[in-house]
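J.: File structure-v7.cif follows (mmCIF, C-alpha atoms):
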```cif
data_upload
#
loop_
_atom_site.label_atom_id
_atom_site.label_comp_id
_atom_site.auth_asym_id
_atom_site.auth_seq_id
_atom_site.Cartn_x
_atom_site.Cartn_y
_atom_site.Cartn_z
CA MET X 1 58.32 61.64 -90.11
CA ARG X 2 58.40 65.32 -89.20
CA ILE X 3 57.17 64.53 -85.69
CA ALA X 4 59.68 61.69 -85.36
CA LEU X 5 62.56 63.95 -86.39
CA GLU X 6 61.45 66.59 -83.90
CA LYS X 7 61.43 63.96 -81.15
CA LEU X 8 65.03 63.12 -82.10
CA GLY X 9 66.18 66.72 -81.71
CA TYR X 10 65.65 68.16 -85.19
CA TYR X 11 63.53 70.95 -83.81
CA ASP X 12 63.07 72.95 -87.00
CA VAL X 13 61.74 70.65 -89.72
CA TYR X 14 60.44 72.34 -92.87
CA HIS X 15 57.16 70.93 -94.10
CA PHE X 16 54.35 72.13 -96.35
CA SER X 17 52.69 73.60 -93.28
CA SER X 18 55.81 75.76 -92.84
CA VAL X 19 54.89 77.62 -96.04
CA PHE X 20 51.99 79.15 -94.09
CA GLU X 21 54.35 80.44 -91.43
CA HIS X 22 56.25 82.77 -93.77
CA GLU X 23 54.32 85.29 -95.82
CA ALA X 24 57.03 85.51 -98.48
CA HIS X 25 57.51 81.76 -98.97
CA PRO X 26 54.61 81.01 -101.34
CA GLY X 27 55.99 83.58 -103.77
CA LEU X 28 59.54 82.30 -103.37
CA TRP X 29 58.48 78.72 -104.11
CA ILE X 30 56.42 79.84 -107.10
CA ALA X 31 59.49 81.67 -108.45
CA ALA X 32 61.62 78.56 -107.88
CA LEU X 33 59.17 76.31 -109.73
CA LYS X 34 59.02 78.72 -112.65
CA ALA X 35 62.82 78.95 -112.75
CA LYS X 36 63.11 75.16 -112.83
CA TYR X 37 60.28 74.25 -115.19
CA GLU X 38 59.64 77.32 -117.33
CA ASN X 39 63.19 78.34 -118.22
CA ASP X 40 63.68 76.05 -121.25
CA GLY X 41 66.25 73.98 -119.40
CA ASN X 42 68.58 76.94 -118.90
CA THR X 43 68.60 76.87 -115.11
CA SER X 44 72.21 76.82 -113.90
CA LYS X 45 73.62 75.27 -110.76
CA GLU X 46 74.19 78.78 -109.45
CA THR X 47 70.45 79.45 -109.63
CA PHE X 48 69.81 76.92 -106.85
CA SER X 49 72.98 77.46 -104.85
CA ARG X 50 73.40 76.86 -101.12
CA ASP X 51 72.87 80.60 -100.57
CA TYR X 52 69.62 80.41 -102.53
CA TRP X 53 68.21 77.65 -100.33
CA ASP X 54 69.59 79.10 -97.11
CA ASN X 55 67.52 82.19 -97.82
CA MET X 56 64.40 80.08 -97.24
CA LEU X 57 65.62 77.07 -95.31
CA GLY X 58 68.66 78.26 -93.40
CA ARG X 59 66.95 78.24 -90.01
CA TYR X 60 65.78 74.62 -90.47
CA ASN X 61 67.80 71.49 -89.76
CA ALA X 62 65.68 69.08 -91.81
CA VAL X 63 63.19 69.35 -94.67
CA THR X 64 60.44 67.08 -95.91
CA ASP X 65 57.27 67.11 -98.02
CA ILE X 66 56.38 69.33 -100.96
CA PRO X 67 57.42 71.82 -102.18
CA CYS X 68 60.91 70.77 -101.02
CA ALA X 69 60.58 67.32 -102.56
CA CYS X 70 60.01 68.92 -105.97
CA PHE X 71 63.61 70.11 -105.73
CA ALA X 72 65.23 66.94 -104.44
CA PRO X 73 68.16 67.00 -106.92
CA GLU X 74 68.86 70.67 -106.26
CA LEU X 75 68.69 70.31 -102.48
CA ILE X 76 70.83 67.17 -102.49
CA ALA X 77 73.46 69.06 -104.49
CA ALA X 78 73.29 72.16 -102.29
CA TYR X 79 73.70 70.23 -99.02
CA PRO X 80 76.39 67.62 -99.72
CA ASP X 81 76.71 66.59 -96.06
CA ALA X 82 73.00 65.96 -95.51
CA LYS X 83 71.73 62.45 -94.90
CA LEU X 84 68.82 61.39 -97.10
CA ILE X 85 65.71 59.57 -95.90
CA LEU X 86 63.36 58.26 -98.56
CA THR X 87 60.02 57.44 -97.00
CA THR X 88 58.38 54.65 -98.94
CA ARG X 89 54.94 53.11 -99.28
CA SER X 90 53.00 51.47 -102.08
CA ALA X 91 52.26 53.72 -105.03
CA GLU X 92 48.61 52.65 -104.81
CA SER X 93 48.12 53.72 -101.19
CA TRP X 94 49.97 56.98 -101.77
CA HIS X 95 47.89 57.75 -104.85
CA ALA X 96 44.62 57.01 -103.06
CA SER X 97 45.63 59.41 -100.29
CA MET X 98 46.58 62.13 -102.78
CA LEU X 99 43.25 61.82 -104.58
CA ARG X 100 41.42 62.36 -101.29
CA THR X 101 43.51 65.34 -100.22
CA ILE X 102 45.39 67.70 -102.56
CA HIS X 103 43.64 66.53 -105.73
CA ALA X 104 40.24 66.79 -104.05
CA LEU X 105 41.00 70.27 -102.72
CA GLN X 106 42.41 71.70 -105.93
CA THR X 107 39.56 70.34 -108.05
CA SER X 108 36.86 71.51 -105.64
CA TYR X 109 34.50 74.05 -107.22
CA LEU X 110 33.59 75.26 -103.73
CA ASN X 111 37.24 75.90 -102.93
CA ARG X 112 37.75 77.77 -106.20
CA PHE X 113 34.73 79.95 -105.50
CA LEU X 114 35.73 80.76 -101.94
CA LEU X 115 39.28 81.61 -103.04
CA LEU X 116 37.79 84.67 -104.73
CA PHE X 117 37.17 86.10 -101.26
CA SER X 118 40.32 84.88 -99.54
CA ALA X 119 43.41 86.72 -98.37
CA ALA X 120 46.19 87.29 -100.88
CA TYR X 121 48.59 84.85 -99.23
CA ILE X 122 45.95 82.06 -99.35
CA LYS X 123 45.56 82.70 -103.06
CA ARG X 124 49.33 82.46 -103.49
CA ILE X 125 49.43 79.13 -101.65
CA SER X 126 46.65 77.81 -103.87
CA SER X 127 48.60 79.05 -106.90
CA LEU X 128 51.67 77.26 -105.55
CA MET X 129 49.74 74.00 -105.27
CA ASP X 130 48.39 74.49 -108.80
CA LEU X 131 51.91 75.02 -110.11
CA ILE X 132 53.20 71.89 -108.34
CA ILE X 133 50.40 69.89 -109.96
CA GLU X 134 51.07 71.45 -113.37
CA HIS X 135 54.82 70.92 -113.42
CA TYR X 136 55.70 68.15 -110.99
CA PHE X 137 52.61 66.02 -111.53
CA ARG X 138 52.35 66.72 -115.28
CA SER X 139 49.02 68.54 -114.82
CA SER X 140 47.18 65.53 -113.41
CA ILE X 141 47.63 63.70 -110.12
CA LEU X 142 44.82 61.39 -111.20
CA GLN X 143 46.48 60.37 -114.47
CA PHE X 144 50.21 60.62 -113.73
CA GLY X 145 50.53 60.64 -109.94
CA LYS X 146 51.59 57.03 -109.47
CA GLN X 147 54.25 57.23 -112.16
CA VAL X 148 55.60 60.51 -110.77
CA PHE X 149 55.78 58.87 -107.34
CA LYS X 150 57.75 55.92 -108.70
CA ASP X 151 60.01 58.15 -110.81
CA HIS X 152 60.74 60.37 -107.82
CA ASN X 153 61.80 57.46 -105.63
CA GLU X 154 64.03 56.00 -108.33
CA MET X 155 65.57 59.41 -109.00
CA VAL X 156 66.54 59.81 -105.33
CA ARG X 157 68.04 56.30 -105.29
CA ARG X 158 69.96 56.99 -108.50
CA ILE X 159 71.43 60.26 -107.24
CA ALA X 160 72.39 58.70 -103.91
CA ARG X 161 74.19 55.83 -105.67
CA ALA X 162 75.97 58.10 -108.14
CA GLU X 163 77.18 60.50 -105.46
CA GLY X 164 77.84 58.01 -102.70
CA ARG X 165 75.32 59.68 -100.42
CA GLU X 166 73.94 58.16 -97.24
CA LEU X 167 70.38 57.05 -97.96
CA LEU X 168 67.86 55.29 -95.75
CA GLU X 169 64.70 53.88 -97.30
CA PHE X 170 62.22 53.96 -94.49
CA LYS X 171 58.65 52.77 -94.06
CA LEU X 172 56.84 54.43 -91.20
CA GLY X 173 56.01 51.03 -89.72
CA ASP X 174 59.72 50.29 -89.32
CA GLY X 175 59.93 52.01 -85.91
CA TRP X 176 62.75 53.85 -84.20
CA GLU X 177 65.72 51.50 -84.36
CA GLU X 178 66.68 51.78 -88.02
CA LEU X 179 66.00 55.51 -88.15
CA CYS X 180 67.98 56.23 -85.00
CA GLY X 181 70.85 54.04 -86.14
CA PHE X 182 71.02 55.92 -89.44
CA LEU X 183 70.98 59.33 -87.75
CA GLY X 184 73.24 58.35 -84.86
CA LYS X 185 70.56 59.07 -82.25
CA GLU X 186 69.52 57.21 -79.11
CA VAL X 187 66.27 55.29 -79.41
CA PRO X 188 63.70 57.30 -77.44
CA ASP X 189 61.55 55.67 -74.79
CA LEU X 190 58.27 56.40 -76.54
CA ASP X 191 56.11 55.00 -79.28
CA PHE X 192 56.87 55.98 -82.85
CA PRO X 193 54.49 58.82 -83.82
CA HIS X 194 51.42 57.80 -85.75
CA VAL X 195 49.08 60.37 -87.26
CA ASN X 196 46.27 59.67 -89.71
CA GLU X 197 47.30 62.56 -91.93
CA ARG X 198 44.78 61.93 -94.70
CA ASP X 199 41.73 62.05 -92.43
CA SER X 200 42.99 64.99 -90.38
CA TRP X 201 43.87 66.85 -93.59
CA ARG X 202 40.40 66.28 -95.01
CA ARG X 203 38.71 67.36 -91.79
CA SER X 204 40.80 70.51 -91.54
CA PHE X 205 40.07 71.53 -95.12
CA GLY X 206 36.43 70.54 -94.89
CA LEU X 207 36.59 67.99 -97.68
CA GLY X 208 33.35 66.10 -97.61
CA TRP X 209 31.82 68.53 -95.13
CA SER X 210 29.53 71.27 -96.38
CA GLY X 211 30.28 74.84 -95.43
CA ARG X 212 33.96 74.37 -94.47
CA ASN X 213 37.02 75.27 -96.50
CA ILE X 214 40.64 76.29 -96.49
CA LEU X 215 39.64 79.92 -96.12
CA PHE X 216 38.24 79.41 -92.66
CA VAL X 217 40.27 76.66 -91.10
CA GLY X 218 43.87 77.20 -92.21
CA LEU X 219 46.43 74.50 -92.84
CA PRO X 220 47.05 71.18 -91.12
CA ILE X 221 50.10 69.03 -91.65
CA ILE X 222 50.28 67.34 -95.03
CA PHE X 223 52.61 64.39 -94.81
CA GLY X 224 54.57 62.40 -97.33
CA VAL X 225 53.28 63.89 -100.56
CA VAL X 226 56.52 62.81 -102.15
CA GLY X 227 58.72 61.36 -99.48
CA VAL X 228 62.22 62.68 -99.25
CA CYS X 229 63.71 64.21 -96.14
CA PHE X 230 67.06 65.86 -95.57
CA ALA X 231 68.62 65.97 -92.12
CA VAL X 232 71.18 68.71 -92.54
CA ARG X 233 72.59 69.18 -89.06
#
```
If you convert what's in this file into structure tokens, what do you get?

T.:
Amino acid sequence: MRIALEKLGYYDVYHFSSVFEHEAHPGLWIAALKAKYENDGNTSKETFSRDYWDNMLGRYNAVTDIPCACFAPELIAAYPDAKLILTTRSAESWHASMLRTIHALQTSYLNRFLLLFSAAYIKRISSLMDLIIEHYFRSSILQFGKQVFKDHNEMVRRIARAEGRELLEFKLGDGWEELCGFLGKEVPDLDFPHVNERDSWRRSFGLGWSGRNILFVGLPIIFGVVGVCFAVR
């Protein structure tokens, strides 16, 4: 979806890989997660104001993927003119992909050992992923992931209905026509992007390969962890 949006002219699309591009962002997202989930329900609307999000996302014209998707209600409220795209797939296929990527990485003893020798910002990104699992996935992707996925999708639908927001439910196999019609864009003369994110993610992080890890290979694109995208301009 990120690649498709870029092809349609949304040149700055925030994605989990974008976290690696800004040294301060892991800490900012960690602070946001703690404010949302560790504040005994006392987080006010002012906490996650438009100014708050513009501080991190102001240069971008669309967002997708975690950690943004963990704040879908807050982002929807902060950007009232944004169109919403809910990328959908079966909960079973999504869960299987998650178990082979983020869950596999964060439960890897090798990864945990090598993190001891990693740069500080890599440690913060790992801490961010741990916090997302703890709070958003109720401490276990394996046990609760599918239900969180279903709850997330229904929550986005419910908010869109209640607020009269423009929402497109989109499967990546649907092609350009519906997406372009929703966004008011011309259908490009090219195939819809297709990337095997799970396999490329595993290769890049060395999952299943001995001697390779996040510390040495950096971050690839992680797509569709929880699918909600906001096209904001």

J.: Please indicate the distance in Å from CA of Phe117 in chain X to CA of Glu134 in chain X, rounded to one decimal place.

T.: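 Interatomic distance, CA of Phe117 in chain X to CA of Glu134 in chain X: 23.5 Å.
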
J.: Please identify all polymer residues lying at most 10 Å from the point (65.6, 50.4, -96.8) (file coordinates), using only C-alpha atoms, and present the result as a compact mmCIF listing (two decimals) with C-alpha atoms, in the coordinates of the input.

T.:
```txt
# COMPACT_ATOMS: atom_id res chain seq x y z
CA ILE X 85 65.71 59.57 -95.90
CA LEU X 86 63.36 58.26 -98.56
CA THR X 87 60.02 57.44 -97.00
CA THR X 88 58.38 54.65 -98.94
CA LEU X 167 70.38 57.05 -97.96
CA LEU X 168 67.86 55.29 -95.75
CA GLU X 169 64.70 53.88 -97.30
CA PHE X 170 62.22 53.96 -94.49
CA LYS X 171 58.65 52.77 -94.06
CA ASP X 174 59.72 50.29 -89.32
CA GLU X 178 66.68 51.78 -88.02
```

J.: Here's the selection I'm unsure about, the PyMOL selection byres ((chain X and resi 63) around 12); applied to the file above, which residues does it give, as a PyMOL selection string?

T.: chain X and resi 1-3+5-6+10-19+53-54+56-62+64-72+75-76+79+82-86+223-224+226-233

J.: Compare X:Ala160, X:Val148, X:Leu128, X:Leu172 by their minimum atom-to-atom distance to Ala32 in chain X, counting only C-alpha atoms, and give me the closest one.

T.: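 For Ala32 in chain X, the nearest of the given residues is X:Leu128.
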
J.: Tell me, as a list in words, which residues lie within 12 Å of Asp151 in chain X, counting all atoms listed in the file; anything in the same chain fewer than 3 positions away does not count.

T.: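 Once the adjacent positions are removed, what remains is Cys70, Ala91, Tyr136, Phe137, Phe144, Gly145, Lys146, Gln147, Val148, Glu154, Met155, Val156, Arg157, Arg158, Val226 and Gly227 of chain X.
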
J.: Spell out the residues picked by the PyMOL selection byres ((chain X and resi 31) around 12) here, as a list in words.

T.: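 With the PyMOL selection byres ((chain X and resi 31) around 12) on this model, the match is Ala24, His25, Pro26, Gly27, Leu28, Trp29, Ile30, Ala32, Leu33, Lys34, Ala35, Lys36, Tyr37, Glu38, Asn39, Thr47, Phe48, Tyr52, Pro67, Arg124, Ser127, Leu128, Leu131 and Ile132 of chain X.
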
J.: Using all atoms listed in the file, which residue out of X:Arg138, X:Pro193, X:Glu23, X:Ser49 lies closest to Ala77 in chain X?

T.: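 Closest candidate: X:Ser49.
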
J.: Which distance in Å separates CA of Asp81 in chain X and CA of Lys185 in chain X, to one decimal?

T.: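 For CA of Asp81 in chain X relative to CA of Lys185 in chain X, the distance reads 16.9 Å.
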
J.: Work out how far CA of Ala96 in chain X is from CA of Glu74 in chain X, in Å to one decimal.

T.: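 Atom-to-atom, CA of Glu74 in chain X to CA of Ala96 in chain X, that is 28.0 Å.
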